[in-house]
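Below is target_25.txt, which holds compact mmCIF, C-alpha atoms and all ligand atoms.
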```txt
# COMPACT_ATOMS: atom_id res chain seq x y z
CA MET I 1 23.36 -24.50 -16.98
CA ASN I 2 22.63 -22.13 -14.18
CA ARG I 3 18.90 -21.39 -14.44
CA ARG I 4 19.23 -18.26 -12.40
CA LEU I 5 21.09 -16.62 -15.28
CA HIS I 6 17.91 -16.82 -17.33
CA GLN I 7 15.61 -15.28 -14.79
CA HIS I 8 14.18 -11.86 -15.57
CA THR I 9 15.85 -9.23 -13.44
CA PRO I 10 13.15 -6.70 -12.51
CA GLU I 11 13.73 -2.99 -12.79
CA PRO I 12 13.86 -1.08 -9.48
CA ALA I 13 10.44 0.43 -10.27
CA ASP I 14 9.06 -3.10 -10.96
CA ASP I 15 10.09 -4.24 -7.49
CA HIS I 16 8.57 -1.16 -5.96
CA PHE I 17 5.36 -1.59 -7.98
CA ASP I 18 5.06 -5.18 -6.82
CA SER I 19 5.54 -4.27 -3.18
CA LEU I 20 3.02 -1.39 -3.43
CA VAL I 21 0.36 -3.66 -4.96
CA ARG I 22 1.00 -6.52 -2.51
CA ASN I 23 0.74 -4.11 0.43
CA ALA I 24 -2.42 -2.60 -1.04
CA ILE I 25 -3.99 -6.06 -1.34
CA ASN I 26 -3.02 -6.94 2.25
CA PHE I 27 -4.41 -3.69 3.65
CA LEU I 28 -7.64 -4.18 1.77
CA ARG I 29 -8.01 -7.72 3.08
CA LYS I 30 -7.40 -6.43 6.60
CA SER I 31 -9.95 -3.66 6.09
CA VAL I 32 -12.63 -6.18 5.13
CA GLN I 33 -11.85 -8.40 8.11
CA GLU I 34 -12.03 -5.45 10.51
CA LEU I 35 -15.14 -3.84 9.12
CA GLU I 36 -17.63 -5.28 11.57
CA LYS I 37 -15.65 -5.21 14.83
CA PHE I 38 -13.20 -2.38 14.24
CA PRO I 39 -14.75 -0.03 11.64
CA LYS I 40 -12.28 2.71 12.57
CA TYR I 41 -9.27 0.58 11.59
CA SER I 42 -11.16 -0.73 8.60
CA VAL I 43 -11.44 2.81 7.17
CA ILE I 44 -7.78 3.55 7.90
CA HIS I 45 -6.61 0.36 6.19
CA PHE I 46 -9.02 0.82 3.30
CA TYR I 47 -7.62 4.28 2.65
CA MET I 48 -4.03 3.00 2.78
CA ALA I 49 -4.93 0.37 0.17
CA LEU I 50 -6.61 2.98 -2.04
CA GLU I 51 -3.60 5.31 -1.87
CA LEU I 52 -1.16 2.48 -2.64
CA PHE I 53 -3.12 1.32 -5.69
CA LEU I 54 -3.23 4.89 -7.06
CA LYS I 55 0.50 5.36 -6.41
CA ALA I 56 1.22 2.04 -8.09
CA ARG I 57 -0.55 3.28 -11.23
CA LEU I 58 1.44 6.54 -11.07
CA LEU I 59 4.66 4.57 -10.64
CA ARG I 60 3.93 2.90 -13.97
CA GLU I 61 4.48 6.30 -15.65
CA HIS I 62 7.79 7.00 -13.90
CA TRP I 63 9.21 6.23 -10.48
CA ALA I 64 10.07 9.91 -9.83
CA LEU I 65 6.38 10.90 -10.02
CA VAL I 66 5.70 9.13 -6.74
CA VAL I 67 8.20 11.41 -5.01
CA LEU I 68 6.57 14.55 -3.59
CA LYS I 69 9.32 16.89 -4.83
CA VAL I 70 10.04 15.48 -8.30
CA GLU I 71 12.82 18.02 -8.84
CA LYS I 72 14.72 16.55 -5.89
CA ALA I 73 14.02 12.88 -6.73
CA SER I 74 17.09 10.62 -6.51
CA LEU I 75 17.09 7.01 -7.70
CA GLN I 76 19.26 5.91 -4.81
CA ALA I 77 16.97 7.52 -2.22
CA PHE I 78 13.97 6.02 -4.00
CA GLN I 79 15.49 2.53 -3.94
CA ASN I 80 16.22 2.90 -0.24
CA GLY I 81 12.66 4.05 0.40
CA ASP I 82 14.14 7.29 1.71
CA PHE I 83 11.70 9.86 0.28
CA VAL I 84 8.44 11.64 0.99
CA SER I 85 5.74 10.37 -1.35
CA VAL I 86 2.87 12.26 -3.00
CA THR I 87 -0.39 13.02 -1.22
CA LEU I 88 -3.70 11.72 -2.58
CA ASP I 89 -4.52 15.04 -4.28
CA GLU I 90 -1.09 15.31 -5.89
CA CYS I 91 -1.23 11.69 -6.97
CA LEU I 92 -4.64 12.23 -8.62
CA GLN I 93 -3.45 15.44 -10.24
CA ARG I 94 -0.30 13.81 -11.67
CA LEU I 95 -2.37 10.87 -12.92
CA GLU I 96 -4.60 13.34 -14.74
CA THR I 97 -2.06 15.81 -16.11
CA ILE I 98 0.93 13.54 -16.76
CA ALA I 99 -0.46 10.03 -17.21
CA ASN I 100 -3.66 11.27 -18.92
CA GLU I 101 -5.70 9.19 -16.48
CA SER I 102 -8.47 11.49 -15.36
CA LEU I 103 -11.14 10.02 -13.13
CA LEU I 104 -14.82 10.91 -13.13
CA PRO I 105 -15.97 13.68 -10.76
CA HIS I 106 -17.87 11.24 -8.53
CA GLU I 107 -14.82 8.95 -8.35
CA TYR I 108 -12.66 11.86 -7.13
CA GLU I 109 -15.33 12.84 -4.63
CA CYS I 110 -15.72 9.32 -3.28
CA PHE I 111 -11.95 8.74 -2.86
CA ARG I 112 -11.56 12.12 -1.14
CA THR I 113 -14.43 11.32 1.24
CA ILE I 114 -12.62 8.17 2.38
CA ARG I 115 -9.43 10.24 2.75
CA ASP I 116 -11.24 12.84 4.88
CA HIS I 117 -12.71 10.17 7.17
CA ARG I 118 -9.31 8.62 7.57
CA ASN I 119 -7.69 11.98 8.38
CA LYS I 120 -10.31 12.81 10.97
CA LEU I 121 -9.85 9.39 12.54
CA VAL I 122 -6.07 9.59 12.64
CA HIS I 123 -5.66 13.22 13.68
CA PHE I 124 -8.87 14.20 15.40
CA PHE I 125 -11.97 12.87 17.00
CA HIS I 126 -14.50 11.43 14.58
CA ARG I 127 -17.92 11.21 16.15
CA ASP I 128 -19.29 8.66 13.68
CA TYR I 129 -16.73 6.04 14.61
CA GLN I 130 -16.98 6.18 18.41
CA PRO I 131 -18.44 3.00 19.88
CA PRO I 132 -21.18 2.00 20.15
CA ILE I 133 -21.78 2.77 16.49
CA LYS I 134 -25.40 3.18 15.51
CA GLU I 135 -26.60 0.73 12.90
CA LYS I 136 -27.59 3.56 10.56
CA ILE I 137 -24.11 5.12 10.71
CA PHE I 138 -22.50 1.72 10.29
CA ALA I 139 -24.55 1.05 7.16
CA ARG I 140 -23.30 4.39 5.79
CA ILE I 141 -19.66 3.48 6.52
CA VAL I 142 -20.11 0.13 4.78
CA SER I 143 -21.82 1.69 1.78
CA GLU I 144 -19.10 4.36 1.42
CA GLN I 145 -16.40 1.72 1.41
CA CYS I 146 -18.38 -0.47 -0.99
CA LYS I 147 -18.77 2.48 -3.34
CA ALA I 148 -15.06 3.35 -3.19
CA TRP I 149 -14.17 -0.29 -3.82
CA PHE I 150 -16.59 -0.40 -6.75
CA TYR I 151 -14.82 2.56 -8.42
CA LEU I 152 -11.32 1.31 -7.56
CA HIS I 153 -12.08 -2.26 -8.66
CA ARG I 154 -13.48 -0.96 -11.95
CA LEU I 155 -10.26 0.99 -12.62
CA LEU I 156 -8.03 -1.96 -11.74
CA THR I 157 -9.94 -4.44 -13.87
CA THR I 158 -10.79 -2.30 -16.92
CA LYS I 159 -8.96 0.96 -17.68
CA TRP I 160 -5.82 0.03 -15.74
CA LYS I 161 -6.06 -3.73 -16.24
CA ILE I 162 -2.92 -3.92 -18.36
CA HIS I 163 -0.83 -2.83 -15.35
CA PHE I 164 -2.49 -5.13 -12.82
CA VAL I 165 -2.79 -8.39 -14.83
CA PRO I 166 -0.51 -10.43 -12.49
CA TYR I 167 -2.75 -9.53 -9.53
CA LEU I 168 -6.19 -10.04 -11.09
CA LYS I 169 -6.80 -13.36 -9.31
CA GLN I 170 -6.06 -11.82 -5.92
CA ILE I 171 -8.22 -8.81 -6.79
CA ALA I 172 -11.08 -11.17 -7.76
CA ARG I 173 -10.75 -12.97 -4.40
CA LEU I 174 -10.91 -9.61 -2.60
CA GLU I 175 -14.03 -8.70 -4.56
CA LYS I 176 -15.73 -11.91 -3.32
CA LEU I 177 -14.58 -11.30 0.25
CA ILE I 178 -15.91 -7.74 0.22
CA HIS I 179 -19.31 -8.81 -1.04
CA ARG I 180 -19.56 -11.63 1.51
CA ASN I 181 -18.91 -9.18 4.32
CA GLN I 182 -21.81 -6.85 3.77
CA HIS I 183 -23.82 -8.02 6.77
CA PHE I 184 -25.22 -4.61 7.49
CA LEU I 185 -26.25 -3.93 3.96
CA LEU I 186 -27.95 -7.32 3.95
CA SER I 187 -29.95 -6.43 7.05
CA LYS I 188 -30.84 -3.11 5.46
CA PHE I 189 -31.94 -4.92 2.31
CA LYS I 190 -34.08 -7.31 4.38
CA ALA I 191 -35.61 -4.38 6.25
CA LEU I 192 -36.47 -2.67 2.98
CA ALA I 193 -37.69 -5.81 1.20
CA PRO I 194 -41.40 -5.26 1.98
CA GLU I 195 -41.23 -1.66 0.68
CA ILE I 196 -39.42 -2.75 -2.47
CA LYS I 197 -42.00 -5.48 -3.04
CA GLU I 198 -44.83 -3.00 -2.60
CA ALA I 199 -43.21 -0.52 -4.98
CA LYS I 200 -42.70 -3.26 -7.58
CA GLU I 201 -46.39 -4.14 -7.34
CA LYS I 202 -47.16 -0.51 -8.12
CA GLY I 203 -45.12 -0.84 -11.33
CA ILE I 204 -41.82 0.74 -10.18
CA SER I 205 -38.81 -1.12 -11.63
CA PHE I 206 -35.84 -2.23 -9.57
CA VAL I 207 -32.58 -3.62 -10.91
CA VAL I 208 -29.54 -5.20 -9.27
CA CYS I 209 -27.31 -2.40 -7.91
CA ASP I 210 -23.78 -2.40 -9.35
CA VAL I 211 -22.30 -1.41 -6.01
CA CYS I 212 -24.02 -3.55 -3.34
CA ARG I 213 -25.43 -6.20 -5.68
CA TYR I 214 -28.90 -6.21 -4.15
CA GLU I 215 -31.96 -5.83 -6.32
CA SER I 216 -32.61 -2.51 -4.69
CA ALA I 217 -31.79 0.08 -7.36
CA ARG I 218 -34.97 1.99 -8.19
CA ILE I 219 -35.31 3.11 -11.78
CA LYS I 220 -37.00 6.38 -12.58
CA LYS I 221 -37.58 7.80 -16.04
CA LEU I 222 -36.64 11.50 -16.06
CA LEU I 223 -37.00 12.68 -19.65
CA ASN I 224 -36.95 10.08 -22.40
CA PRO I 225 -34.34 8.55 -22.93
CA LEU I 226 -32.75 9.75 -19.66
CA PHE I 227 -33.21 7.55 -16.58
CA GLU I 228 -32.07 7.73 -13.00
CA GLN I 229 -31.02 4.86 -10.74
CA ASN I 230 -31.14 5.17 -6.95
CA CYS I 231 -30.16 2.32 -4.66
CA LEU I 232 -32.27 2.18 -1.50
CA VAL I 233 -29.69 -0.01 0.27
CA CYS I 234 -26.33 1.66 -0.40
CA ASN I 235 -27.59 5.04 -1.76
CA TRP I 236 -25.61 4.69 -4.97
CA HIS I 237 -26.97 7.08 -7.55
CA SER I 238 -26.41 7.30 -11.28
CA HIS I 239 -27.96 8.41 -14.54
CA PHE I 240 -28.13 6.45 -17.77
CA LEU I 241 -29.71 6.51 -21.22
CA LYS I 242 -31.83 3.83 -22.82
CA ILE I 243 -31.40 3.76 -26.60
CA PRO I 244 -32.76 1.19 -29.07
CA CYS I 245 -30.04 -0.80 -30.82
CA PRO I 246 -29.69 0.58 -34.37
CA GLN I 247 -29.68 -2.99 -35.69
CA CYS I 248 -32.03 -5.17 -33.61
CA GLU I 249 -34.02 -2.43 -31.79
CA LYS I 250 -33.40 -4.07 -28.38
CA SER I 251 -32.82 -1.60 -25.57
CA ILE I 252 -29.19 -0.62 -24.84
CA THR I 253 -28.15 1.03 -21.60
CA VAL I 254 -25.53 3.77 -21.95
CA TRP I 255 -23.73 4.78 -18.70
CA PRO I 256 -21.99 8.12 -18.15
CA GLU I 257 -18.71 6.20 -17.68
CA GLY I 258 -18.58 4.98 -21.25
CA ASP I 259 -20.22 3.47 -24.25
CA GLY I 260 -23.20 1.15 -24.27
CA GLU I 261 -23.17 -2.14 -26.08
CA CYS I 262 -25.81 -4.39 -27.64
CA LYS I 263 -24.76 -7.84 -26.47
CA ASP I 264 -26.66 -9.54 -29.32
CA CYS I 265 -25.22 -7.53 -32.21
CA GLU I 266 -21.97 -6.48 -30.48
CA ILE I 267 -22.67 -2.93 -31.59
CA ASN I 268 -21.17 -0.12 -29.54
CA ILE I 269 -23.07 3.10 -28.99
CA CYS I 270 -20.60 5.95 -28.81
CA LEU I 271 -21.05 9.61 -28.00
CA ASP I 272 -21.00 10.58 -31.71
CA TYR I 273 -23.93 8.25 -32.41
CA LEU I 274 -25.86 9.73 -29.47
CA LEU I 275 -25.24 13.27 -30.67
CA GLU I 276 -26.38 12.33 -34.14
CA ARG I 277 -29.48 10.55 -32.88
CA LEU I 278 -30.48 12.88 -30.08
CA GLY I 279 -28.79 16.14 -30.97
CA PRO I 280 -30.93 19.26 -31.43
CA ASP I 281 -29.65 19.67 -35.02
CA GLN I 282 -31.23 16.41 -36.08
CA HIS I 283 -34.60 17.15 -34.51
CA PRO I 284 -35.25 20.86 -34.88
CA LYS I 285 -38.89 20.58 -33.76
CA GLU I 286 -38.10 18.52 -30.68
CA GLU I 287 -36.58 19.67 -27.47
CA SER I 288 -33.11 18.17 -27.03
CA SER I 289 -33.10 15.32 -24.60
CA ILE I 290 -29.36 14.76 -24.37
CA ALA I 291 -28.44 13.91 -20.81
CA PRO I 292 -26.72 16.95 -19.34
CA LEU I 293 -24.45 14.59 -17.41
CA LEU I 294 -23.00 12.85 -20.43
ZN ZN C 301 -26.70 -0.51 -3.86
ZN ZN C 302 -28.69 -5.18 -31.25
```
Have the structure of the file written as structure tokens, please.
Ligand SMILES: [Zn+2]
Ligand SMILES: [Zn+2]
Amino acid sequence: MNRRLHQHTPEPADDHFDSLVRNAINFLRKSVQELEKFPKYSVIHFYMALELFLKARLLREHWALVVLKVEKASLQAFQNGDFVSVTLDECLQRLETIANESLLPHEYECFRTIRDHRNKLVHFFHRDYQPPIKEKIFARIVSEQCKAWFYLHRLLTTKWKIHFVPYLKQIARLEKLIHRNQHFLLSKFKALAPEIKEAKEKGISFVVCDVCRYESARIKKLLNPLFEQNCLVCNWHSHFLKIPCPQCEKSITVWPEGDGECKDCEINICLDYLLERLGPDQHPKEESSIAPLL
């Protein structure tokens, strides 16, 4: 029996999706390798990877959505690669309005910042990237890319995981590579270590930063139960709530991105529970302490 007869024949959009994701992974790998010696090319390649991953997700809705002028989309032209594709803004807008995949405001802002850097580098002169690059500026470039990767990686491995399952191993390898290549953030962390130690001795708490992975995220209580987290190394900033678990009373952290979970009781804290617990209606004598960001 001819085994080839039994092979799955991919749809045209499947082939295109696969090539977009493979290219995105290659560009990202290149971006990491270039970061130290050629930061300019690293940003350009990082942006290309970002755009390709977003387009790949859009392609999962329908191939025609990747074409800039949907009304003129032709399958034959698409298959031949003979079309003008969407810009970053259009891609994000179509993801939101058609695929119902809206990103968080800080994710949009971060992706657009990388796009703006890339545009300035490709079309104009970009002062920050002219050699010799100052260590402070370099640390900022690294932290911006780390932040963008953090948001993109989170999308690919959680919300959009179902579409990227065949590539998860490669994405995990990239994640390791990116975190191994943070030389400048490491030197910044080492430089700040004495200050962090001193602050800890004064009772200020630090946790491991989700973006750069150093124990350099300073925790500040704003208004119970609202807290703020500021990373001294990569400048990542976020708010969160600390709520006692309704079952075991252990503290649960609730991030603006989603629900919080008690790992012991596997209880999820959702927005409805927060409104019920912290809402002004339930505590008429107390000032509402719902996080304005949530
Ligand atoms: Zn950090
Ligand atoms: Zn619990």
Given all atoms listed in the file as the counted atoms, nearest of I:Glu61, I:Asp272, I:Asp15, I:Asp128 to I:Asn100
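Closest to I:Asn100 of all the choices is I:Glu61.
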Residues contacting ligand ZN 301 (chain C) - anything with an atom at most 10 Å away, using all atoms listed in the file - can you give me those as a PyMOL selection string?
chain I and resi 143+146-147+185+189+207-218+229-237
Would you mind listing the residues within 12 Å of ligand ZN 302 (chain C), counting all atoms listed in the file, as a PyMOL selection string?
chain I and resi 243-253+260-269
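All residues of protein, DNA or RNA that reach within 7 Å of I:Ala49, judged by all atoms listed in the file and not counting those fewer than 3 positions away in the chain, are Ala24, Ile25, Phe27, Leu28, His45, Phe46, Leu52 and Phe53 of chain I.
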Contacts of I:Val254 within 6 Å, only C-alpha atoms, excl. fewer than 2 positions in-chain, as a compact mmCIF listing (two decimals) with C-alpha atoms, in the coordinates of the input:
```
# COMPACT_ATOMS: atom_id res chain seq x y z
CA PHE I 240 -28.13 6.45 -17.77
CA LEU I 241 -29.71 6.51 -21.22
CA ASP I 259 -20.22 3.47 -24.25
CA GLY I 260 -23.20 1.15 -24.27
```
In terms of the shortest atom-to-atom distance over all atoms listed in the file, which of I:Glu107, I:Ser238, I:Val66, I:Lys197 is closest to I:Arg94?
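Closest to I:Arg94, using all atoms listed in the file: I:Val66.
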Check the smallest atom-to-atom distance from each of I:Glu36, I:Glu101, I:Asp18, I:Glu276 to I:Ile133 using all atoms listed in the file, then report the winner.
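Of I:Glu36, I:Glu101, I:Asp18, I:Glu276, the one nearest I:Ile133, counting all atoms listed in the file, is I:Glu36.
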Atom pair atom CA of I:Pro105 + atom CA of I:Phe206, distance 25.5 Å
Given only C-alpha atoms as the basis, pick out the residue of I:Phe125, I:Phe17, I:Phe78, I:Phe111 nearest to I:Gln145.
I:Phe111
Each residue of stretch 38-127 of chain I lying at most 12 Å from stretch 154-161 of chain I should get a row with its shortest atom-to-atom pair and the distance in Å to one decimal, counting all atoms listed in the file; could you produce that, ordered by chain and increasing number, as CSV?
```
residue,atom,partner,partner_atom,distance
I:Leu50,CA,I:Leu156,CA,11.0
I:Phe53,CA,I:Leu156,CA,8.5
I:Leu54,CA,I:Leu156,CA,9.6
I:Ala56,CA,I:Trp160,CA,10.6
I:Arg57,CA,I:Trp160,CA,7.7
I:Leu58,CA,I:Trp160,CA,10.8
I:Arg60,CA,I:Trp160,CA,10.3
I:Leu95,CA,I:Trp160,CA,11.7
I:Ala99,CA,I:Trp160,CA,11.4
I:Asn100,CA,I:Lys159,CA,11.7
I:Glu101,CA,I:Lys159,CA,8.9
I:Ser102,CA,I:Lys159,CA,10.8
I:Leu103,CA,I:Leu155,CA,9.1
I:Leu104,CA,I:Leu155,CA,10.9
I:Glu107,CA,I:Leu155,CA,10.1
```
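When all atoms listed in the file are used to compute distances to I:Tyr129, the closest of the residues I:Glu90, I:Gly81, I:Ile141, I:Glu175 turns out to be I:Ile141.
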Give, as AutoDock Vina command-line options, the centre coordinates and the x, y and z edge lengths in Å to one decimal for an axis-aligned box around all listed atoms of stretch 246-261 of chain I, padded by 6 Å on each side.
```
--center_x -26.3 --center_y 1.5 --center_z -26.7 --size_x 27.4 --size_y 25.3 --size_z 30.0
```
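Here atom CA of I:Lys136 is placed at a distance of 22.9 Å from atom CA of I:Lys30.
Interatomic distance, atom CA of I:Arg173 to atom CA of I:Phe150: 14.1 Å.
Look at I:His239: the protein and nucleic acid residues within 8 Å of it, using all atoms listed in the file and passing over chain neighbours fewer than 3 places away, are Leu226, Phe227, Glu228, Gln229, Trp255, Pro256 and Leu293 of chain I.
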